[in-house]
Amino acid sequence: MQVADQVTRTLRRPLLALADSDRVEAIMRRNGVSKGLVRRFVAGEGLDDAIAAVRDLAARSIPSTLDLLGENVTTQEAARAAVDAYVVILQRLADAGLEPNISVKLTMIGLDAGADVAREHMVPILERARAVGGFVRIDMEGSAYTEQTIAITEALHDRFPDQVGTVIQSYLRRSADDVERMIRRGARVRLVKGAYAEPAEIAFTDRREVDESYRRLMLRLLDAGAYPAIATHDSALIAAARQFTAERGIPPERYEFQMLYGVRREMQGSLVGAGYRMRVYVPYGTEWYPYFTRRIAERPANALFVLRQLVSG
Ligand code: FDA
């Protein structure tokens with residue numbers, strides 16, 4: 001386990017750097033080397049594939065949040081197309097009798113063109129969410145976007161208090177303050193460790209510090225947050241959440257666990273079996289490469305598999 005941790009730590013940065021490499025992306029797409037592995041983490045390329053995955057999970061009493069993959073769009077047309085797509089997704093989920101719950105990246109709907117653009121593009125998405133009784137989670141991206149993402153969430157939360165929430169990353173040193181900001185206004189937080197490569201000035205780089213920060217923020221959110229989402233596959237942290245909520249008499253309806261599609265599937269089922277709420281993040285779409293690279297960077301077995309394929313292919 002310790003060796004595995006060391007390998008993950010060593011490979012994480014170079015692997016995360018691959019997320020920006022067009023050359024490696026082209027090789028991966030051309031060779032199809034990682035096809036099986038991609039399908040493990042990504043529900044498919046089209047909305048029908050994604051809805052089928054959401055339906056399968058729902059049959060196991062696991063609700064989903066659906067993510068149309070893509071980030072950092074460079075044109076207005078692409079940003080608008082993503083907004084339209086998200087509105088359609090919410091409606092399709094509602095029409096299919098499934099919970100309309102989606103996760104959105106602000107850079108996919110124009111954040112690089114300005115905070116105003118992304119904020120205004122969120123409005124039709126949230127209006128549709130309100131119309132169908134759904135919820136929209138604003139994913140957290142790299143640290144260049146943290147403050148903007150939180151400020152946009154706050155502005156939108158004023159108008160759509162029941163439809164919008166965001167994500168806080170425990171590896172960022174600023175996150176204790178951000179958690180308090182969200183608690184003060186009663187906005188829903190999904191707590192994650194964080195998936196990007198960040199410098200030591202602003203982020204904990206030691207795994208134990210990231211975990212310790214997660215634990216502190218998690219207990220604070222379980223205690224005072226509005227329906228927090230405990231998004232991790234880390235057994236020790238999940239056990240700590242279970243112990244804390246049992247001790248404090250916090251019922252399972254007050255929060256939910258979240259995991260990624262294809263990761264720790266057995267644990268997803270066993271938590272549901274034990275009476276906890278569990279939601280799975282279901283990504284789909286043709287732009288799977290950066291998401292997939294981040295998942296690979298998290299696990300040595302996956303990372304070594306892909307590196308071997310790249311070297312030999
Ligand atoms: P950690 O990485 O320590 O893993 C704990 C254990 O889980 C590992 O030992 C391994 O057994 C298993 N595991 C973890 N990842 C695995 C994988 N890919 N394959 C196989 N096993 C794996 N990040 C972000 O920056 N912004 C965001 O908006 C989100 N959104 C988000 C939503 C949801 C629902 C989840 C679960 C996660 C995110 N993340 C995220 C990603 C998050 O920041 C983090 O990178 C991953 O969840 C991995 O961290 P863990 O907490 O699972 O711990």
# chains A, B, ... in the order shown; residues from 1 in each chain; ligands from 1
call {"tool": "select_by_dssp", "arguments": {"residues": "region 162-202 of chain A", "states": "helix (DSSP H, G or I)", "output": "number ranges by chain"}}
result
A: 175-185
call {"tool": "write_last_selection", "arguments": {"atoms": "all heavy atoms", "output": "compact mmCIF listing (two decimals), in the first residue's frame"}}
result
# COMPACT_ATOMS: atom_id res chain seq x y z
N SER A 175 -9.34 26.64 1.59
CA SER A 175 -10.66 26.01 1.59
C SER A 175 -11.44 26.10 2.90
O SER A 175 -12.67 26.10 2.89
CB SER A 175 -10.55 24.55 1.14
OG SER A 175 -10.28 24.53 -0.24
N ALA A 176 -10.72 26.22 4.04
CA ALA A 176 -11.46 26.35 5.31
C ALA A 176 -12.32 27.62 5.25
O ALA A 176 -13.48 27.62 5.68
CB ALA A 176 -10.50 26.39 6.48
N ASP A 177 -11.76 28.70 4.69
CA ASP A 177 -12.53 29.94 4.58
C ASP A 177 -13.70 29.77 3.60
O ASP A 177 -14.80 30.26 3.84
CB ASP A 177 -11.64 31.09 4.06
CG ASP A 177 -10.61 31.50 5.11
OD1 ASP A 177 -10.84 31.19 6.30
OD2 ASP A 177 -9.59 32.09 4.73
N ASP A 178 -13.44 29.08 2.50
CA ASP A 178 -14.51 28.89 1.51
C ASP A 178 -15.65 28.05 2.08
O ASP A 178 -16.82 28.30 1.79
CB ASP A 178 -13.94 28.24 0.24
CG ASP A 178 -13.00 29.18 -0.50
OD1 ASP A 178 -13.14 30.41 -0.32
OD2 ASP A 178 -12.12 28.69 -1.22
N VAL A 179 -15.29 27.05 2.87
CA VAL A 179 -16.34 26.23 3.50
C VAL A 179 -17.20 27.12 4.39
O VAL A 179 -18.44 27.05 4.35
CB VAL A 179 -15.71 25.06 4.30
CG1 VAL A 179 -16.68 24.50 5.33
CG2 VAL A 179 -15.27 23.95 3.35
N GLU A 180 -16.57 28.01 5.15
CA GLU A 180 -17.36 28.91 6.02
C GLU A 180 -18.25 29.83 5.19
O GLU A 180 -19.38 30.11 5.54
CB GLU A 180 -16.45 29.72 6.95
CG GLU A 180 -15.68 28.87 7.96
CD GLU A 180 -16.57 27.95 8.81
OE1 GLU A 180 -17.69 28.34 9.16
OE2 GLU A 180 -16.14 26.81 9.09
N ARG A 181 -17.70 30.30 4.06
CA ARG A 181 -18.51 31.16 3.17
C ARG A 181 -19.77 30.44 2.72
O ARG A 181 -20.86 31.01 2.70
CB ARG A 181 -17.69 31.50 1.91
CG ARG A 181 -17.07 32.87 1.94
CD ARG A 181 -16.04 33.00 0.84
NE ARG A 181 -16.56 33.63 -0.38
CZ ARG A 181 -15.78 34.01 -1.40
NH1 ARG A 181 -14.47 33.85 -1.34
NH2 ARG A 181 -16.30 34.57 -2.47
N MET A 182 -19.61 29.19 2.37
CA MET A 182 -20.76 28.42 1.87
C MET A 182 -21.73 28.07 3.01
O MET A 182 -22.94 28.10 2.84
CB MET A 182 -20.28 27.13 1.18
CG MET A 182 -19.52 27.36 -0.11
SD MET A 182 -20.55 28.13 -1.40
CE MET A 182 -19.79 29.71 -1.56
N ILE A 183 -21.17 27.78 4.19
CA ILE A 183 -22.04 27.46 5.34
C ILE A 183 -22.88 28.68 5.70
O ILE A 183 -24.08 28.57 5.94
CB ILE A 183 -21.20 26.99 6.55
CG1 ILE A 183 -20.67 25.57 6.29
CG2 ILE A 183 -22.02 27.02 7.84
CD1 ILE A 183 -19.75 25.02 7.38
N ARG A 184 -22.24 29.85 5.70
CA ARG A 184 -22.97 31.08 6.09
C ARG A 184 -24.20 31.31 5.23
O ARG A 184 -25.22 31.76 5.70
CB ARG A 184 -22.03 32.30 5.97
CG ARG A 184 -21.25 32.60 7.25
CD ARG A 184 -20.72 34.01 7.25
NE ARG A 184 -19.79 34.29 6.17
CZ ARG A 184 -18.49 33.95 6.18
NH1 ARG A 184 -17.99 33.34 7.23
NH2 ARG A 184 -17.72 34.21 5.14
N ARG A 185 -24.07 31.00 3.93
CA ARG A 185 -25.23 31.27 3.07
C ARG A 185 -26.09 30.03 2.83
O ARG A 185 -27.05 30.06 2.05
CB ARG A 185 -24.79 31.88 1.75
CG ARG A 185 -23.93 31.00 0.90
CD ARG A 185 -23.83 31.48 -0.53
NE ARG A 185 -23.68 32.91 -0.66
CZ ARG A 185 -24.64 33.71 -1.17
NH1 ARG A 185 -25.77 33.21 -1.60
NH2 ARG A 185 -24.41 34.99 -1.28
call {"tool": "residues_near_ligand", "arguments": {"ligand": "ligand 1", "cutoff": "6 Å", "atoms": "only C-alpha atoms and all ligand atoms", "output": "ChimeraX atom specification"}}
result
/A:139-141,167,192-196,231-234,258-260,263,281,295-296,298-299
call {"tool": "write_last_selection", "arguments": {"atoms": "C-alpha atoms", "output": "CSV table (one decimal), in the first residue's frame"}}
result
chain,number,residue,atom,x,y,z
A,139,ASP,CA,-17.6,21.6,-10.5
A,140,MET,CA,-14.3,23.1,-9.3
A,141,GLU,CA,-11.5,23.4,-11.7
A,167,VAL,CA,-17.3,22.0,-4.9
A,192,VAL,CA,-13.3,16.6,-2.7
A,193,LYS,CA,-9.5,16.3,-2.3
A,194,GLY,CA,-8.8,18.0,-5.6
A,195,ALA,CA,-7.7,16.7,-8.9
A,196,TYR,CA,-5.3,19.3,-10.5
A,231,ALA,CA,-17.1,12.8,-2.4
A,232,THR,CA,-14.3,10.4,-1.8
A,233,HIS,CA,-13.3,6.8,-2.3
A,234,ASP,CA,-11.1,6.9,0.8
A,258,GLN,CA,-20.5,10.6,-3.8
A,259,MET,CA,-18.2,8.5,-5.9
A,260,LEU,CA,-17.1,8.5,-9.5
A,263,VAL,CA,-14.5,3.6,-9.1
A,281,TYR,CA,-20.9,11.1,-10.9
A,295,ARG,CA,-8.5,9.4,-13.1
A,296,ILE,CA,-5.4,7.6,-14.4
A,298,GLU,CA,-5.0,8.8,-9.1
A,299,ARG,CA,-4.1,5.1,-9.3
call {"tool": "residues_around", "arguments": {"residues": "Ser103 (chain A)", "least_positions_apart": "2", "cutoff": "7 Å", "atoms": "only C-alpha atoms", "output": "list in words"}}
result
Thr65, Leu66, Asp67, Lys105, Val136, Arg137, Ile138 and Asp139 of chain A
call {"tool": "write_last_selection", "arguments": {"atoms": "C-alpha atoms", "output": "CSV table (one decimal), in the first residue's frame"}}
result
chain,number,residue,atom,x,y,z
A,65,THR,CA,-25.1,13.5,-11.4
A,66,LEU,CA,-24.5,13.6,-15.1
A,67,ASP,CA,-21.5,15.4,-16.5
A,105,LYS,CA,-17.7,23.1,-15.5
A,136,VAL,CA,-26.9,21.8,-10.8
A,137,ARG,CA,-23.5,21.4,-9.2
A,138,ILE,CA,-20.7,23.7,-10.4
A,139,ASP,CA,-17.6,21.6,-10.5
call {"tool": "closest_residue", "arguments": {"among": "A:Ser64, A:Thr205, A:Gln91, A:Gln243", "to": "Val132 (chain A)", "atoms": "only C-alpha atoms"}}
result
A:Gln91
call {"tool": "residues_around", "arguments": {"residues": "Arg173 (chain A)", "least_positions_apart": "4", "cutoff": "12 Å", "atoms": "only C-alpha atoms", "output": "list in words"}}
result
Ser143, Thr146, Ile168, Gln169, Asp177, Asp178, Val179, Lys193, Gly194, Glu198, Pro199, Ala200, Glu201, Ile202, Ala203, Phe204, Thr205, Glu209, Val210, Glu212, Ser213, Tyr214 and Leu217 of chain A
call {"tool": "closest_residue", "arguments": {"among": "A:Glu147, A:Ile62, A:Leu172, A:Phe292", "to": "Asp211 (chain A)", "atoms": "only C-alpha atoms"}}
result
A:Leu172
call {"tool": "select_by_dssp", "arguments": {"residues": "region 124-220 of chain A", "states": "strand (DSSP E)", "output": "list in words"}}
result
Phe135, Val136, Arg137, Ile138, Val164, Gly165, Thr166, Val167, Ile168, Gln169, Arg188, Val189, Arg190, Leu191 and Val192 of chain A
call {"tool": "atom_distance", "arguments": {"atom1": "CA of Thr245 (chain A)", "atom2": "CA of Ser170 (chain A)"}}
result
19.8 Å
call {"tool": "residues_around", "arguments": {"residues": "region 123-130 of chain A", "least_positions_apart": "4", "cutoff": "10 Å", "atoms": "only C-alpha atoms", "output": "list in words"}}
result
Val83, Asp84, Ala85, Tyr86, Val87, Val88, Ile89, Leu90, Gln91, Ala94, Pro100, Asn101, Ile102, Val104, Ala118, Arg119, Gly134, Phe135, Val136, Leu156, Arg159, Phe160, Asp162, Gln163 and Val164 of chain A
call {"tool": "atom_distance", "arguments": {"atom1": "CA of Phe244 (chain A)", "atom2": "CA of Tyr261 (chain A)"}}
result
26.1 Å
call {"tool": "residues_around", "arguments": {"residues": "Leu221 (chain A)", "least_positions_apart": "6", "cutoff": "10 Å", "atoms": "only C-alpha atoms", "output": "ChimeraX atom specification"}}
result
/A:179-180,182-183,188-191,215,227-230,255
call {"tool": "closest_residue", "arguments": {"among": "A:Arg216, A:Arg92, A:Arg294, A:Arg279", "to": "Leu47 (chain A)", "atoms": "only C-alpha atoms"}}
result
A:Arg92
